[in-house]
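S.K.: Contents are mmCIF, C-alpha atoms and all ligand atoms; file name data.cif:
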data_data
#
loop_
_atom_site.group_PDB
_atom_site.id
_atom_site.type_symbol
_atom_site.label_atom_id
_atom_site.label_comp_id
_atom_site.auth_asym_id
_atom_site.auth_seq_id
_atom_site.Cartn_x
_atom_site.Cartn_y
_atom_site.Cartn_z
ATOM 1 C CA MET A 25 -30.701 60.787 55.709
ATOM 2 C CA ALA A 26 -28.348 62.008 58.457
ATOM 3 C CA VAL A 27 -28.230 65.790 58.943
ATOM 4 C CA PHE A 28 -24.841 67.290 59.759
ATOM 5 C CA ASN A 29 -24.241 70.750 61.283
ATOM 6 C CA LYS A 30 -24.863 73.221 58.484
ATOM 7 C CA LEU A 31 -21.978 75.648 58.062
ATOM 8 C CA ASP A 32 -21.657 77.801 54.951
ATOM 9 C CA ASN A 33 -18.019 78.483 55.660
ATOM 10 C CA VAL A 34 -16.009 76.167 57.919
ATOM 11 C CA GLU A 35 -13.414 78.948 58.074
ATOM 12 C CA ASP A 36 -15.761 80.854 60.385
ATOM 13 C CA LEU A 37 -14.874 78.286 63.089
ATOM 14 C CA TYR A 38 -11.539 76.854 61.904
ATOM 15 C CA GLU A 39 -8.358 78.278 60.402
ATOM 16 C CA ILE A 40 -7.389 75.893 57.592
ATOM 17 C CA GLY A 41 -3.737 74.781 57.633
ATOM 18 C CA GLU A 42 -1.402 72.571 55.613
ATOM 19 C CA VAL A 43 -2.478 69.553 53.595
ATOM 20 C CA LEU A 44 -1.668 66.388 55.573
ATOM 21 C CA GLY A 45 -2.820 63.920 52.950
ATOM 22 C CA SER A 46 -5.168 63.484 50.036
ATOM 23 C CA GLY A 47 -6.957 60.670 48.281
ATOM 24 C CA HIS A 48 -9.976 59.740 46.178
ATOM 25 C CA PHE A 49 -12.140 61.229 48.902
ATOM 26 C CA GLY A 50 -10.626 64.707 49.010
ATOM 27 C CA GLN A 51 -8.047 66.144 51.415
ATOM 28 C CA VAL A 52 -7.002 65.924 55.057
ATOM 29 C CA ARG A 53 -5.718 69.257 56.354
ATOM 30 C CA GLU A 54 -4.539 70.502 59.732
ATOM 31 C CA VAL A 55 -7.105 72.923 61.156
ATOM 32 C CA ARG A 56 -6.969 75.280 64.165
ATOM 33 C CA GLU A 57 -10.168 75.852 66.151
ATOM 34 C CA ARG A 58 -10.513 79.640 66.441
ATOM 35 C CA ALA A 59 -12.432 79.565 69.752
ATOM 36 C CA THR A 60 -9.899 77.396 71.648
ATOM 37 C CA GLY A 61 -6.664 77.425 69.607
ATOM 38 C CA ALA A 62 -6.816 73.607 69.540
ATOM 39 C CA HIS A 63 -5.413 71.788 66.482
ATOM 40 C CA TRP A 64 -7.405 69.082 64.694
ATOM 41 C CA ALA A 65 -7.359 67.192 61.397
ATOM 42 C CA GLY A 66 -10.071 68.238 58.938
ATOM 43 C CA LYS A 67 -11.098 65.603 56.382
ATOM 44 C CA PHE A 68 -12.686 67.582 53.516
ATOM 45 C CA LEU A 69 -15.006 65.346 51.485
ATOM 46 C CA LYS A 70 -16.431 66.486 48.150
ATOM 47 C CA ILE A 71 -20.003 65.232 47.840
ATOM 48 C CA ARG A 72 -21.368 64.125 44.470
ATOM 49 C CA LYS A 73 -23.928 66.621 43.169
ATOM 50 C CA CYS A 74 -25.848 63.923 41.263
ATOM 51 C CA ALA A 75 -25.898 60.109 41.006
ATOM 52 C CA SER A 76 -24.320 60.125 37.520
ATOM 53 C CA SER A 77 -21.354 62.216 38.641
ATOM 54 C CA ARG A 78 -18.043 60.433 39.121
ATOM 55 C CA LEU A 79 -16.477 63.286 41.051
ATOM 56 C CA GLY A 80 -16.551 63.217 44.821
ATOM 57 C CA MET A 81 -18.113 60.756 47.260
ATOM 58 C CA GLU A 82 -21.663 59.479 47.508
ATOM 59 C CA ARG A 83 -23.331 61.056 50.511
ATOM 60 C CA LYS A 84 -24.499 57.672 51.844
ATOM 61 C CA ASN A 85 -20.862 56.522 52.059
ATOM 62 C CA VAL A 86 -19.974 59.621 54.090
ATOM 63 C CA GLU A 87 -22.967 59.015 56.369
ATOM 64 C CA ARG A 88 -21.807 55.413 56.885
ATOM 65 C CA GLU A 89 -18.259 56.538 57.793
ATOM 66 C CA VAL A 90 -19.665 59.085 60.285
ATOM 67 C CA GLU A 91 -22.027 56.509 61.860
ATOM 68 C CA VAL A 92 -19.107 54.079 62.252
ATOM 69 C CA LEU A 93 -16.859 56.730 63.841
ATOM 70 C CA GLN A 94 -19.629 57.850 66.202
ATOM 71 C CA ALA A 95 -19.868 54.223 67.452
ATOM 72 C CA LEU A 96 -16.098 53.934 68.029
ATOM 73 C CA GLN A 97 -14.645 55.800 71.007
ATOM 74 C CA HIS A 98 -11.390 54.001 71.843
ATOM 75 C CA PRO A 99 -7.804 55.161 72.646
ATOM 76 C CA ASN A 100 -6.453 53.253 69.607
ATOM 77 C CA ILE A 101 -9.016 54.587 67.120
ATOM 78 C CA MET A 102 -8.936 58.155 65.787
ATOM 79 C CA ALA A 103 -11.675 60.251 67.433
ATOM 80 C CA LEU A 104 -14.359 62.177 65.546
ATOM 81 C CA LYS A 105 -14.990 65.593 67.123
ATOM 82 C CA ASP A 106 -17.528 67.172 64.787
ATOM 83 C CA VAL A 107 -19.106 67.043 61.330
ATOM 84 C CA PHE A 108 -20.054 70.060 59.194
ATOM 85 C CA GLU A 109 -21.775 70.289 55.840
ATOM 86 C CA SER A 110 -21.661 73.162 53.360
ATOM 87 C CA ARG A 111 -22.962 73.295 49.803
ATOM 88 C CA ALA A 112 -21.050 70.392 48.238
ATOM 89 C CA GLU A 113 -18.648 69.433 50.979
ATOM 90 C CA VAL A 114 -18.711 67.547 54.285
ATOM 91 C CA VAL A 115 -15.922 68.217 56.781
ATOM 92 C CA LEU A 116 -15.039 65.636 59.440
ATOM 93 C CA VAL A 117 -13.157 67.243 62.341
ATOM 94 C CA LEU A 118 -10.870 64.507 63.622
ATOM 95 C CA GLU A 119 -8.298 64.016 66.356
ATOM 96 C CA LEU A 120 -4.915 65.288 65.065
ATOM 97 C CA ILE A 121 -2.399 62.440 65.127
ATOM 98 C CA SER A 122 1.073 63.891 64.788
ATOM 99 C CA GLY A 123 3.418 60.897 65.048
ATOM 100 C CA GLY A 124 3.196 59.915 61.397
ATOM 101 C CA GLU A 125 2.327 56.602 59.748
ATOM 102 C CA LEU A 126 3.505 53.221 61.045
ATOM 103 C CA PHE A 127 4.509 52.711 57.399
ATOM 104 C CA ASP A 128 7.141 55.465 57.632
ATOM 105 C CA PHE A 129 8.286 54.272 61.065
ATOM 106 C CA ILE A 130 8.998 50.797 59.595
ATOM 107 C CA ALA A 131 10.637 52.305 56.499
ATOM 108 C CA GLU A 132 13.053 54.282 58.666
ATOM 109 C CA LYS A 133 13.922 51.239 60.797
ATOM 110 C CA GLU A 134 13.572 48.613 57.970
ATOM 111 C CA ASN A 135 12.115 46.197 60.526
ATOM 112 C CA LEU A 136 11.352 46.202 64.222
ATOM 113 C CA THR A 137 12.537 44.084 67.124
ATOM 114 C CA GLU A 138 9.975 41.511 68.235
ATOM 115 C CA SER A 139 9.286 43.435 71.446
ATOM 116 C CA GLU A 140 8.605 46.625 69.424
ATOM 117 C CA ALA A 141 6.354 44.679 67.033
ATOM 118 C CA ILE A 142 4.495 43.048 69.954
ATOM 119 C CA GLU A 143 3.808 46.457 71.544
ATOM 120 C CA PHE A 144 2.422 47.808 68.280
ATOM 121 C CA MET A 145 0.387 44.642 67.601
ATOM 122 C CA LYS A 146 -1.151 44.695 71.108
ATOM 123 C CA GLN A 147 -2.509 48.199 70.536
ATOM 124 C CA ILE A 148 -3.687 47.418 66.995
ATOM 125 C CA LEU A 149 -5.466 44.308 68.345
ATOM 126 C CA LEU A 150 -7.105 46.299 71.152
ATOM 127 C CA GLY A 151 -8.482 48.806 68.645
ATOM 128 C CA VAL A 152 -9.537 46.130 66.137
ATOM 129 C CA GLY A 153 -10.992 43.923 68.908
ATOM 130 C CA PHE A 154 -13.123 46.868 70.094
ATOM 131 C CA MET A 155 -14.259 47.578 66.503
ATOM 132 C CA HIS A 156 -15.181 43.893 66.000
ATOM 133 C CA SER A 157 -17.076 43.806 69.322
ATOM 134 C CA LYS A 158 -19.356 46.429 67.718
ATOM 135 C CA GLN A 159 -19.698 44.227 64.586
ATOM 136 C CA ILE A 160 -17.652 46.789 62.617
ATOM 137 C CA GLY A 161 -15.003 45.723 60.094
ATOM 138 C CA HIS A 162 -12.375 48.246 58.942
ATOM 139 C CA PHE A 163 -11.656 46.490 55.596
ATOM 140 C CA ASP A 164 -8.615 48.614 54.743
ATOM 141 C CA LEU A 165 -6.089 47.866 57.496
ATOM 142 C CA LYS A 166 -2.560 48.589 56.289
ATOM 143 C CA PRO A 167 0.502 50.419 57.715
ATOM 144 C CA GLU A 168 -0.595 53.661 55.988
ATOM 145 C CA ASN A 169 -3.820 53.610 58.029
ATOM 146 C CA ILE A 170 -2.086 52.986 61.327
ATOM 147 C CA MET A 171 -0.609 56.149 62.791
ATOM 148 C CA LEU A 172 1.460 56.991 65.849
ATOM 149 C CA SER A 173 0.188 59.521 68.372
ATOM 150 C CA ALA A 174 3.625 61.028 68.850
ATOM 151 C CA LYS A 175 6.949 60.871 67.052
ATOM 152 C CA MET A 176 9.283 58.203 68.423
ATOM 153 C CA ALA A 177 8.108 58.716 72.010
ATOM 154 C CA PRO A 178 8.991 55.486 73.867
ATOM 155 C CA ASN A 179 5.351 54.945 74.702
ATOM 156 C CA THR A 180 3.759 56.248 71.524
ATOM 157 C CA ASP A 181 0.149 55.153 71.007
ATOM 158 C CA ILE A 182 -1.232 53.497 67.896
ATOM 159 C CA LYS A 183 -4.222 55.193 66.231
ATOM 160 C CA ILE A 184 -6.237 53.397 63.545
ATOM 161 C CA ILE A 185 -7.503 55.871 60.920
ATOM 162 C CA ASP A 186 -9.492 56.034 57.696
ATOM 163 C CA PHE A 187 -12.810 54.224 58.037
ATOM 164 C CA GLY A 188 -13.855 55.047 54.472
ATOM 165 C CA LEU A 189 -14.295 51.333 53.635
ATOM 166 C CA ALA A 190 -15.570 50.277 57.087
ATOM 167 C CA HIS A 191 -18.830 48.359 57.425
ATOM 168 C CA ARG A 192 -21.168 47.727 60.372
ATOM 169 C CA PHE A 193 -22.712 44.237 60.053
ATOM 170 C CA GLN A 194 -26.417 43.815 60.767
ATOM 171 C CA PRO A 195 -27.429 40.426 62.272
ATOM 172 C CA GLY A 196 -27.659 37.759 59.548
ATOM 173 C CA GLU A 197 -26.499 40.189 56.843
ATOM 174 C CA GLU A 198 -24.471 38.904 53.862
ATOM 175 C CA TYR A 199 -21.921 41.549 52.816
ATOM 176 C CA LYS A 200 -19.584 41.406 49.798
ATOM 177 C CA CYS A 201 -17.137 44.055 48.660
ATOM 178 C CA MET A 202 -14.312 44.036 46.114
ATOM 179 C CA SER A 203 -12.160 46.832 47.512
ATOM 180 C CA GLY A 204 -9.087 47.316 49.647
ATOM 181 C CA THR A 205 -5.376 47.295 48.864
ATOM 182 C CA PRO A 206 -4.134 44.151 47.011
ATOM 183 C CA GLN A 207 -1.201 43.364 49.342
ATOM 184 C CA TYR A 208 -3.487 43.220 52.396
ATOM 185 C CA ILE A 209 -6.748 41.669 51.163
ATOM 186 C CA PRO A 210 -7.719 38.058 51.963
ATOM 187 C CA PRO A 211 -8.784 35.301 49.510
ATOM 188 C CA GLU A 212 -12.513 35.792 50.251
ATOM 189 C CA VAL A 213 -12.390 39.392 48.971
ATOM 190 C CA ILE A 214 -10.641 38.292 45.747
ATOM 191 C CA ASN A 215 -13.208 35.479 45.309
ATOM 192 C CA TYR A 216 -16.069 37.917 46.015
ATOM 193 C CA GLU A 217 -17.392 35.720 48.842
ATOM 194 C CA PRO A 218 -19.465 36.911 51.836
ATOM 195 C CA LEU A 219 -17.198 38.850 54.212
ATOM 196 C CA SER A 220 -16.832 39.098 57.971
ATOM 197 C CA THR A 221 -14.585 40.903 60.436
ATOM 198 C CA ALA A 222 -12.055 38.092 59.741
ATOM 199 C CA VAL A 223 -10.966 40.203 56.723
ATOM 200 C CA ASP A 224 -9.176 42.485 59.183
ATOM 201 C CA MET A 225 -7.432 39.526 60.855
ATOM 202 C CA TRP A 226 -5.830 38.487 57.543
ATOM 203 C CA SER A 227 -4.602 42.084 57.107
ATOM 204 C CA ILE A 228 -3.166 41.976 60.633
ATOM 205 C CA GLY A 229 -1.238 38.824 59.656
ATOM 206 C CA VAL A 230 0.228 40.658 56.640
ATOM 207 C CA ILE A 231 1.071 43.724 58.755
ATOM 208 C CA THR A 232 2.818 41.555 61.394
ATOM 209 C CA TYR A 233 4.889 39.845 58.659
ATOM 210 C CA ILE A 234 5.946 43.297 57.371
ATOM 211 C CA LEU A 235 6.737 44.663 60.866
ATOM 212 C CA LEU A 236 9.125 41.748 61.515
ATOM 213 C CA SER A 237 10.810 41.540 58.098
ATOM 214 C CA GLY A 238 10.238 44.748 56.163
ATOM 215 C CA MET A 239 8.934 42.494 53.356
ATOM 216 C CA SER A 240 5.357 42.025 52.128
ATOM 217 C CA PRO A 241 4.407 38.295 52.104
ATOM 218 C CA PHE A 242 2.379 38.154 48.889
ATOM 219 C CA GLN A 243 3.767 41.163 46.968
ATOM 220 C CA GLY A 244 4.320 40.346 43.280
ATOM 221 C CA ASP A 245 5.616 42.435 40.382
ATOM 222 C CA THR A 246 2.018 43.260 39.444
ATOM 223 C CA ASP A 247 -1.301 43.387 41.323
ATOM 224 C CA GLU A 248 -2.391 40.292 39.365
ATOM 225 C CA GLU A 249 0.644 38.353 40.596
ATOM 226 C CA THR A 250 0.014 39.556 44.155
ATOM 227 C CA LEU A 251 -3.599 38.342 43.988
ATOM 228 C CA ARG A 252 -2.450 34.968 42.569
ATOM 229 C CA ASN A 253 0.008 34.614 45.470
ATOM 230 C CA ILE A 254 -2.795 35.338 47.979
ATOM 231 C CA ILE A 255 -5.205 32.793 46.467
ATOM 232 C CA ALA A 256 -2.408 30.192 46.407
ATOM 233 C CA LEU A 257 -1.320 31.145 49.950
ATOM 234 C CA ASN A 258 2.103 31.515 48.362
ATOM 235 C CA TYR A 259 4.272 33.003 51.133
ATOM 236 C CA LYS A 260 7.207 31.780 53.196
ATOM 237 C CA PHE A 261 9.442 32.755 56.109
ATOM 238 C CA ASP A 262 12.669 33.027 54.122
ATOM 239 C CA ASP A 263 15.881 32.568 56.119
ATOM 240 C CA HIS A 264 17.327 35.903 55.050
ATOM 241 C CA HIS A 265 14.564 37.876 56.777
ATOM 242 C CA PHE A 266 13.271 35.437 59.405
ATOM 243 C CA SER A 267 16.373 33.605 60.671
ATOM 244 C CA MET A 268 16.200 35.491 63.990
ATOM 245 C CA THR A 269 12.390 35.438 64.284
ATOM 246 C CA SER A 270 10.895 33.322 67.076
ATOM 247 C CA ALA A 271 8.755 30.273 66.367
ATOM 248 C CA MET A 272 5.965 31.957 68.385
ATOM 249 C CA ALA A 273 5.945 34.983 66.050
ATOM 250 C CA LYS A 274 5.742 32.712 62.984
ATOM 251 C CA ASP A 275 2.968 30.694 64.648
ATOM 252 C CA PHE A 276 1.038 33.945 65.289
ATOM 253 C CA ILE A 277 1.277 34.917 61.601
ATOM 254 C CA GLN A 278 0.406 31.374 60.409
ATOM 255 C CA LYS A 279 -2.793 31.409 62.507
ATOM 256 C CA LEU A 280 -3.871 34.624 60.727
ATOM 257 C CA LEU A 281 -2.869 33.838 57.112
ATOM 258 C CA VAL A 282 -5.448 31.028 56.945
ATOM 259 C CA LYS A 283 -7.493 30.706 53.743
ATOM 260 C CA ASP A 284 -10.748 29.715 55.482
ATOM 261 C CA GLN A 285 -11.947 32.882 57.242
ATOM 262 C CA ASN A 286 -13.824 30.738 59.802
ATOM 263 C CA GLU A 287 -10.534 29.129 60.850
ATOM 264 C CA ARG A 288 -8.619 32.421 61.248
ATOM 265 C CA ILE A 289 -8.011 33.441 64.890
ATOM 266 C CA THR A 290 -9.935 36.480 66.163
ATOM 267 C CA ALA A 291 -8.543 39.665 67.721
ATOM 268 C CA GLN A 292 -9.450 38.404 71.206
ATOM 269 C CA GLU A 293 -7.701 35.048 70.522
ATOM 270 C CA CYS A 294 -4.665 36.975 69.219
ATOM 271 C CA LEU A 295 -4.439 38.903 72.490
ATOM 272 C CA GLN A 296 -4.223 35.531 74.315
ATOM 273 C CA HIS A 297 -1.644 34.073 71.884
ATOM 274 C CA PRO A 298 1.659 33.248 73.703
ATOM 275 C CA TRP A 299 3.615 35.590 71.369
ATOM 276 C CA ILE A 300 1.487 38.529 72.536
ATOM 277 C CA LYS A 301 0.759 37.316 76.086
ATOM 278 C CA PRO A 302 3.649 35.093 77.290
ATOM 279 C CA LEU A 303 2.613 32.487 79.877
HETATM 280 C C1 LIG B 401 0.327 64.699 60.787
HETATM 281 C C2 LIG B 401 -0.542 63.935 59.778
HETATM 282 C C3 LIG B 401 -0.009 63.620 58.514
HETATM 283 C C4 LIG B 401 -0.776 62.927 57.568
HETATM 284 C C5 LIG B 401 -2.080 62.564 57.909
HETATM 285 C C6 LIG B 401 -2.593 62.860 59.196
HETATM 286 C C7 LIG B 401 -1.841 63.547 60.151
HETATM 287 C C8 LIG B 401 -3.909 62.331 59.227
HETATM 288 C C9 LIG B 401 -4.912 62.275 60.195
HETATM 289 C C10 LIG B 401 -6.081 61.612 59.910
HETATM 290 C C11 LIG B 401 -6.309 61.002 58.649
HETATM 291 C C12 LIG B 401 -7.601 60.284 58.331
HETATM 292 C C13 LIG B 401 -5.315 61.075 57.675
HETATM 293 C C14 LIG B 401 -4.137 61.718 57.961
HETATM 294 N N1 LIG B 401 -3.027 61.880 57.189
HETATM 295 C C15 LIG B 401 -2.889 61.418 55.799
HETATM 296 C C16 LIG B 401 -1.996 60.208 55.699
HETATM 297 C C17 LIG B 401 -2.628 59.019 56.372
HETATM 298 N N2 LIG B 401 -2.221 57.760 55.761
HETATM 299 C C18 LIG B 401 -6.911 61.718 61.105
HETATM 300 O O1 LIG B 401 -7.997 61.229 61.287
HETATM 301 N N3 LIG B 401 -6.225 62.427 62.042
HETATM 302 C C19 LIG B 401 -5.020 62.788 61.537
HETATM 303 O O2 LIG B 401 -4.198 63.448 62.131
#
Take the structure I supplied and represent it as structure tokens, if you would.

M.R.:
Amino acid sequence: MAVFNKLDNVEDLYEIGEVLGSGHFGQVREVRERATGAHWAGKFLKIRKCASSRLGMERKNVEREVEVLQALQHPNIMALKDVFESRAEVVLVLELISGGELFDFIAEKENLTESEAIEFMKQILLGVGFMHSKQIGHFDLKPENIMLSAKMAPNTDIKIIDFGLAHRFQPGEEYKCMSGTPQYIPPEVINYEPLSTAVDMWSIGVITYILLSGMSPFQGDTDEETLRNIIALNYKFDDHHFSMTSAMAKDFIQKLLVKDQNERITAQECLQHPWIKPL
């Protein structure tokens, strides 16, 4: 069992600020390090007191997220600075990313130009390619988990966050998991088949489709309809949203939204695709 820095009261070291986000796990709050004045993001995770409890997170899941983050130092992946544990809480001290979610950036602009989308995709692929080179799959890639380092700066950096569903593959391991967000999950997750890092490549195909059109390729009126659309590979490049989109961009998406995970292109192959890296 991993041992984190014991700290009865994280407020001895950090001034706790505004809530930045919350979820099943707990809260993310801005924190200010008293010793240096530096600002960070504190992810406050309630830990289950006993196995039968439904409140809070299982400690082993927190340990897995910390192990994954400790293996991932990359400019396009949020950095983990420190981990503290008090009575029933673990606090991850994370790099503060103040440019907001890619999701909101798209919402404000409806959709991006291809050159804007390419710049974002390059950085996402660099971060995901690094993760995959360490045999780590994110398994919850979506615009809400892709943040911008600075608001609207011309050269804002992409930061991939939230590794709560991430998994580090051991050699020869068979891993199955029925979680993620319906719009972004591939057929093999729905069919409860053995998974690989190719799960993330499907999600990248969905994200690229959204960046270029503002529409979600498989979104139905209900989650069940969305899942049916995914299994049936029921998506299209409708003229209304894709009439100005290049054939290369569509080819890039088509090579990712492939039902057979072994046939899907990898992050490294994406970075060599002519849409991303023109000849
Ligand atoms: C300014 C701001 C606003 C909301 C934030 C964050 C920062 C944020 C951050 C992180 C996470 C995991 C979630 C976060 N959220 C929650 C929403 C993420 N989808 C993080 O790791 N660093 C952040 O700054």

S.K.: Set the cut-off to 7 Å, count all atoms listed in the file, and list whatever residues fall near ligand LIG 401 (chain B) as a PyMOL selection string.

M.R.: chain A and resi 44-46+52+64-65+67+102+118-125+168-169+185-186

S.K.: Would you kindly translate the PyMOL selection byres (((chain A and resi 298) around 12) and not hetatm) into the concrete residues it picks from this file, as a tab-separated table (two decimals) with C-alpha atoms, in the frame of the given file?

M.R.:
chain	number	residue	atom	x	y	z
A	142	ILE	CA	4.50	43.05	69.95
A	270	SER	CA	10.90	33.32	67.08
A	271	ALA	CA	8.76	30.27	66.37
A	272	MET	CA	5.96	31.96	68.39
A	273	ALA	CA	5.94	34.98	66.05
A	274	LYS	CA	5.74	32.71	62.98
A	275	ASP	CA	2.97	30.69	64.65
A	276	PHE	CA	1.04	33.94	65.29
A	293	GLU	CA	-7.70	35.05	70.52
A	294	CYS	CA	-4.66	36.98	69.22
A	295	LEU	CA	-4.44	38.90	72.49
A	296	GLN	CA	-4.22	35.53	74.32
A	297	HIS	CA	-1.64	34.07	71.88
A	299	TRP	CA	3.62	35.59	71.37
A	300	ILE	CA	1.49	38.53	72.54
A	301	LYS	CA	0.76	37.32	76.09
A	302	PRO	CA	3.65	35.09	77.29
A	303	LEU	CA	2.61	32.49	79.88

S.K.: What does the PyMOL selection byres (((chain A and resi 250) around 12) and not hetatm) select in this file, as a list in words?

M.R.: Thr205, Pro206, Gln207, Tyr208, Ile209, Pro210, Pro211, Ile214, Ser240, Pro241, Phe242, Gln243, Gly244, Asp245, Thr246, Asp247, Glu248, Glu249, Leu251, Arg252, Asn253, Ile254, Ile255, Ala256, Leu257, Asn258 and Tyr259 of chain A

S.K.: Which one is closest to Asp284 (chain A): A:Pro167, A:Arg53, A:Ser237, A:Val223? Count all atoms listed in the file.

M.R.: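 Among the listed residues, A:Val223 lies closest to Asp284 (chain A).
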
S.K.: Do you know which residues the PyMOL selection byres (((chain A and resi 174) around 12) and not hetatm) returns on this file, as a list in words?

M.R.: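 Selection result, ordered by chain and number: Leu120, Ile121, Ser122, Gly123, Gly124, Glu125, Leu126, Phe129, Met171, Leu172, Ser173, Lys175, Met176, Ala177, Pro178, Asn179, Thr180, Asp181, Ile182 and Lys183 of chain A.
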
S.K.: Between CA of Trp226 (chain A) and CA of Phe127 (chain A), what distance in Å does the model show, to one decimal?

M.R.: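 Between these atoms lies a distance of 17.6 Å.
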
S.K.: Can you work out which one of A:Arg192, A:Ala26, A:Pro99, A:Leu235 has the shortest atom-to-atom distance to Glu143 (chain A), counting all atoms listed in the file?

M.R.: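 Of all the options, A:Leu235 lies closest to Glu143 (chain A).
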
S.K.: Could you pull the residues within 9 Å of Ala190 (chain A), counting only C-alpha atoms, minus those fewer than 6 positions along the same chain, as a PyMOL selection string?

M.R.: chain A and resi 88-89+92+160-164

S.K.: So, counting only C-alpha atoms, which residue among A:Met239, A:Thr221, A:Ile170, A:Asp263 is closest to Ile289 (chain A)?

M.R.: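 So, comparing all the options, the nearest one is A:Thr221.
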
S.K.: Mind filling out region 270-282 of chain A with N, CA, C and O atoms and sending it as a compact mmCIF listing (two decimals), in the coordinates of the input?

M.R.:
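result-v9.txt, written as the output of this step:
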# COMPACT_ATOMS: atom_id res chain seq x y z
N SER A 270 11.28 34.45 66.21
CA SER A 270 10.90 33.32 67.08
C SER A 270 9.83 32.46 66.42
O SER A 270 9.05 32.92 65.57
N ALA A 271 9.78 31.21 66.86
CA ALA A 271 8.76 30.27 66.37
C ALA A 271 7.36 30.77 66.75
O ALA A 271 6.40 30.62 66.00
N MET A 272 7.27 31.44 67.92
CA MET A 272 5.96 31.96 68.39
C MET A 272 5.44 33.04 67.43
O MET A 272 4.25 33.09 67.13
N ALA A 273 6.35 33.90 66.97
CA ALA A 273 5.94 34.98 66.05
C ALA A 273 5.44 34.38 64.74
O ALA A 273 4.41 34.80 64.20
N LYS A 274 6.16 33.38 64.23
CA LYS A 274 5.74 32.71 62.98
C LYS A 274 4.40 31.99 63.18
O LYS A 274 3.52 32.05 62.32
N ASP A 275 4.23 31.39 64.36
CA ASP A 275 2.97 30.69 64.65
C ASP A 275 1.81 31.68 64.66
O ASP A 275 0.72 31.42 64.13
N PHE A 276 2.07 32.88 65.23
CA PHE A 276 1.04 33.94 65.29
C PHE A 276 0.61 34.32 63.88
O PHE A 276 -0.59 34.35 63.54
N ILE A 277 1.58 34.54 62.99
CA ILE A 277 1.28 34.92 61.60
C ILE A 277 0.54 33.78 60.88
O ILE A 277 -0.46 33.99 60.19
N GLN A 278 1.02 32.53 61.10
CA GLN A 278 0.41 31.37 60.41
C GLN A 278 -1.05 31.18 60.82
O GLN A 278 -1.86 30.70 60.02
N LYS A 279 -1.40 31.57 62.04
CA LYS A 279 -2.79 31.41 62.51
C LYS A 279 -3.72 32.51 61.95
O LYS A 279 -4.94 32.44 62.11
N LEU A 280 -3.08 33.53 61.33
CA LEU A 280 -3.87 34.62 60.73
C LEU A 280 -3.97 34.46 59.21
O LEU A 280 -5.00 34.75 58.62
N LEU A 281 -2.87 34.01 58.58
CA LEU A 281 -2.87 33.84 57.11
C LEU A 281 -3.45 32.47 56.77
O LEU A 281 -2.80 31.61 56.20
N VAL A 282 -4.71 32.29 57.16
CA VAL A 282 -5.45 31.03 56.94
C VAL A 282 -6.52 31.30 55.89
O VAL A 282 -7.26 32.28 55.99
